[in-house]
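Structure record follows, encoded as structure tokens.
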Amino acid sequence: MHNPIGKHGKCLAVACVLLLAAGASAVVDVPTVSKAHPWGGKKVVYLGDSISAPSSVSKYWKFLQDIYGIESHVYAKGGYQWSHAYSLAQKMRTEMGDSPDAILILLGTNDYNAGVPLGEWFRVTEEEVNRNGKSIRKPRRHFITDMGTFRGRINTVMKYLKHNFPDQQIVLMTPIHRGYANFGPTNVQPPESFPNGLGIYFDEYVRVLREAADIWSVPLIDLYRDSGLQPADSAYAKYFCDGGDNGKDNLHPNSLGHLRLSHTVAARLRNLPSDFKTSRGEKE
């Protein structure tokens with residue numbers, strides 16, 4: 001299992017360890033594997049940021065592995081944005097070839113925090129096309145792959161993945177809601193009730209990811225909508241590393257929060273094919 005941990009991820013891990021030691025988070029009672037999951041035994045890659053990056057906190061993918069038997073391969077690092085997913089995908093292909101059965105992507109919260117412009121999906125040019133035997137000029141859309149914009153980054157990554165992994169199930173996941181976080185004097189992140197430096201609210205980035213699922217013909221697991229985690233409400237403090245009205249990390253789920261995420265992800269995956277490799281004549 002590939003488990004890169006960045007500097008920021010290490011800091012978060014230490015913080016959560018201290019909080020667990022202090023009794024700020026409940027001990028997670030992990031259920032045993034009680035029923036077969038259709039993705040059990042499948043090799044799944046996760047591309048992401050600190051929510052997915054390995055740490056002392058048991059992440060959602062760890063629960064998916066331990067409870068549902070889904071083999072996890074993690075390519076994630078704290079602070080990563082969609083611009084980093086391209087190099088992660090290339091690294092994954094170099095190391096794993098086409099052996100993965102599925103690729104899940106959970107990114108976007110750091111693009112919002114960094115104030116990345118949303119951009120556009122397409123540029124339009126006028127070109128000749130044969131319609132009913134007659135050559136006419138019509139407007140034609142082309143994907144924009146500008147790595148300086150959110151949509152351009154998604155286009156770049158999805159174009160690479162769709163081209164290189166046509167037999168794999170590729171799934172987009174939206175980030176969860178964002179709460180207040182204070183990681184030091186120069187890294188204080190307001191909750192999502194405030195816009196970022198460009199004046200754009202977080203839900204606009206989530207909406208772009210929903211659009212991406214349509215444009216690139218991939219399933220969407222909408223954790224923003226379906227996880228139930230609401231860090232702005234102190235009643236959900238138990239699900240975050242240091243949650244609550246006076247907490248300093250209402251951004252990163254603790255192990256209990258990740259257990260909750262894992263059940264949501266597992267439920268959505270249950271209704272999706274885990275791969276399309278049988279379409280090329282391979283045995284199941």
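Residue numbers start at 1 in each chain; chains themselves are named A, B, ... in the order of the structure tokens; ligands are numbered from 1 in the order shown.
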
Subject >> Which of range 134-244 of chain A fall in alpha helix (DSSP H), as a ChimeraX atom specification >> reply: /A:150-164,202-215,223-226

Which neighbours of range 233-236 of chain A fall inside 10 Å, counting only C-alpha atoms, when residues of the same chain fewer than 4 positions from it are skipped, and could you give them as a PDB file with C-alpha atoms, in the first residue's frame?
```pdb
ATOM      1  CA  GLY A 179     -15.177  24.242   9.495  1.00  0.00           C
ATOM      2  CA  GLY A 228     -24.045  14.275   7.197  1.00  0.00           C
ATOM      3  CA  LEU A 229     -20.988  15.963   8.727  1.00  0.00           C
ATOM      4  CA  PHE A 240     -13.369  16.143  14.092  1.00  0.00           C
ATOM      5  CA  GLY A 243     -14.012  20.235  16.915  1.00  0.00           C
ATOM      6  CA  GLY A 244     -16.539  22.459  18.620  1.00  0.00           C
ATOM      7  CA  ASP A 245     -16.962  26.167  19.197  1.00  0.00           C
ATOM      8  CA  ASN A 246     -13.494  26.505  20.734  1.00  0.00           C
ATOM      9  CA  GLY A 247     -11.790  23.792  18.697  1.00  0.00           C
ATOM     10  CA  ASN A 250     -13.070  21.580  12.604  1.00  0.00           C
ATOM     11  CA  PRO A 253     -12.350  14.320  10.619  1.00  0.00           C
ATOM     12  CA  GLY A 257     -15.587  10.918  11.386  1.00  0.00           C
TER      13      GLY A 257
END
```

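What separates CA of Gly108 in chain A from CA of Gly78 in chain A is a distance of 12.1 Å.
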
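Of the listed residues (A:Gly69, A:Pro190, A:Gly79, A:Pro38), A:Gly79 comes nearest to Ala53 in chain A; the distances count only C-alpha atoms.
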
Original post:
Using only C-alpha atoms, which residue out of A:Ala114, A:Ile170, A:Met158, A:Leu88 lies closest to Phe276 in chain A?
Top reply: A:Ile170

**OP:** Please provide as a VMD selection string all residues within 10 Å of range 192-199 of chain A, with the sequence filter that same-chain residues fewer than 5 positions apart are discarded (counting only C-alpha atoms).
**Re:** chain A and resid 111 to 118 177 to 180 204 231 to 232

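One finds CA of Asp203 in chain A at 28.5 Å from CA of Pro273 in chain A.
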
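The coordinates place CA of Tyr224 in chain A at 21.7 Å from CA of Gly152 in chain A.
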
Subject >> All strand (DSSP E or B) residues (DSSP, backbone) inside range 1-184 of chain A, as a PyMOL selection string >> reply: chain A and resi 43-48+71-76+102-106+122-131+134-143+168-174+181-182

Could the residues in this selection be written to a file with C-alpha atoms, as a PDB file, in the first residue's frame?
```pdb
ATOM      1  CA  LYS A  43      -7.664  -2.937  -5.878  1.00  0.00           C
ATOM      2  CA  VAL A  44      -8.671   0.704  -5.377  1.00  0.00           C
ATOM      3  CA  VAL A  45      -6.466   3.788  -5.727  1.00  0.00           C
ATOM      4  CA  TYR A  46      -7.215   6.981  -3.798  1.00  0.00           C
ATOM      5  CA  LEU A  47      -5.908  10.334  -5.066  1.00  0.00           C
ATOM      6  CA  GLY A  48      -6.257  13.141  -2.554  1.00  0.00           C
ATOM      7  CA  GLU A  71      -7.653  -3.202  -1.067  1.00  0.00           C
ATOM      8  CA  SER A  72      -6.353   0.360  -0.676  1.00  0.00           C
ATOM      9  CA  HIS A  73      -3.514   2.125  -2.506  1.00  0.00           C
ATOM     10  CA  VAL A  74      -3.186   5.733  -1.402  1.00  0.00           C
ATOM     11  CA  TYR A  75      -1.572   8.588  -3.321  1.00  0.00           C
ATOM     12  CA  ALA A  76      -2.301  11.662  -1.232  1.00  0.00           C
ATOM     13  CA  ALA A 102     -10.869   1.614  -9.619  1.00  0.00           C
ATOM     14  CA  ILE A 103      -9.613   5.143  -8.941  1.00  0.00           C
ATOM     15  CA  LEU A 104     -11.346   7.434  -6.429  1.00  0.00           C
ATOM     16  CA  ILE A 105     -10.487  11.139  -6.291  1.00  0.00           C
ATOM     17  CA  LEU A 106     -11.154  13.351  -3.272  1.00  0.00           C
ATOM     18  CA  PHE A 122     -14.378  24.797 -22.907  1.00  0.00           C
ATOM     19  CA  ARG A 123     -13.054  27.191 -25.495  1.00  0.00           C
ATOM     20  CA  VAL A 124     -15.034  27.487 -28.727  1.00  0.00           C
ATOM     21  CA  THR A 125     -13.641  27.620 -32.262  1.00  0.00           C
ATOM     22  CA  GLU A 126     -15.381  27.591 -35.645  1.00  0.00           C
ATOM     23  CA  GLU A 127     -14.570  24.561 -37.775  1.00  0.00           C
ATOM     24  CA  GLU A 128     -15.786  22.783 -40.873  1.00  0.00           C
ATOM     25  CA  VAL A 129     -17.871  19.652 -40.352  1.00  0.00           C
ATOM     26  CA  ASN A 130     -19.714  17.316 -42.710  1.00  0.00           C
ATOM     27  CA  ARG A 131     -23.407  17.325 -41.942  1.00  0.00           C
ATOM     28  CA  LYS A 134     -22.500  18.955 -46.937  1.00  0.00           C
ATOM     29  CA  SER A 135     -19.472  20.754 -45.504  1.00  0.00           C
ATOM     30  CA  ILE A 136     -20.519  23.595 -43.221  1.00  0.00           C
ATOM     31  CA  ARG A 137     -18.809  25.709 -40.560  1.00  0.00           C
ATOM     32  CA  LYS A 138     -20.032  25.299 -37.006  1.00  0.00           C
ATOM     33  CA  PRO A 139     -18.813  26.267 -33.522  1.00  0.00           C
ATOM     34  CA  ARG A 140     -16.944  23.451 -31.758  1.00  0.00           C
ATOM     35  CA  ARG A 141     -16.036  23.075 -28.082  1.00  0.00           C
ATOM     36  CA  HIS A 142     -12.568  22.015 -26.907  1.00  0.00           C
ATOM     37  CA  PHE A 143     -11.539  21.188 -23.354  1.00  0.00           C
ATOM     38  CA  GLN A 168     -11.103   1.142 -14.579  1.00  0.00           C
ATOM     39  CA  GLN A 169     -13.999   2.643 -12.662  1.00  0.00           C
ATOM     40  CA  ILE A 170     -13.140   6.298 -11.976  1.00  0.00           C
ATOM     41  CA  VAL A 171     -15.164   7.995  -9.238  1.00  0.00           C
ATOM     42  CA  LEU A 172     -15.201  11.649  -8.203  1.00  0.00           C
ATOM     43  CA  MET A 173     -15.900  12.569  -4.588  1.00  0.00           C
ATOM     44  CA  THR A 174     -16.808  16.026  -3.360  1.00  0.00           C
ATOM     45  CA  ALA A 181      -9.184  25.613  11.544  1.00  0.00           C
ATOM     46  CA  ASN A 182      -6.181  27.217  13.230  1.00  0.00           C
TER      47      ASN A 182
END
```

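When the distance limit is 9 Å and only C-alpha atoms are what count, the residues near Thr264 in chain A, minus those fewer than 6 positions from it on the same chain, are Ile221, Leu223, Asp226 and Ser227 of chain A.
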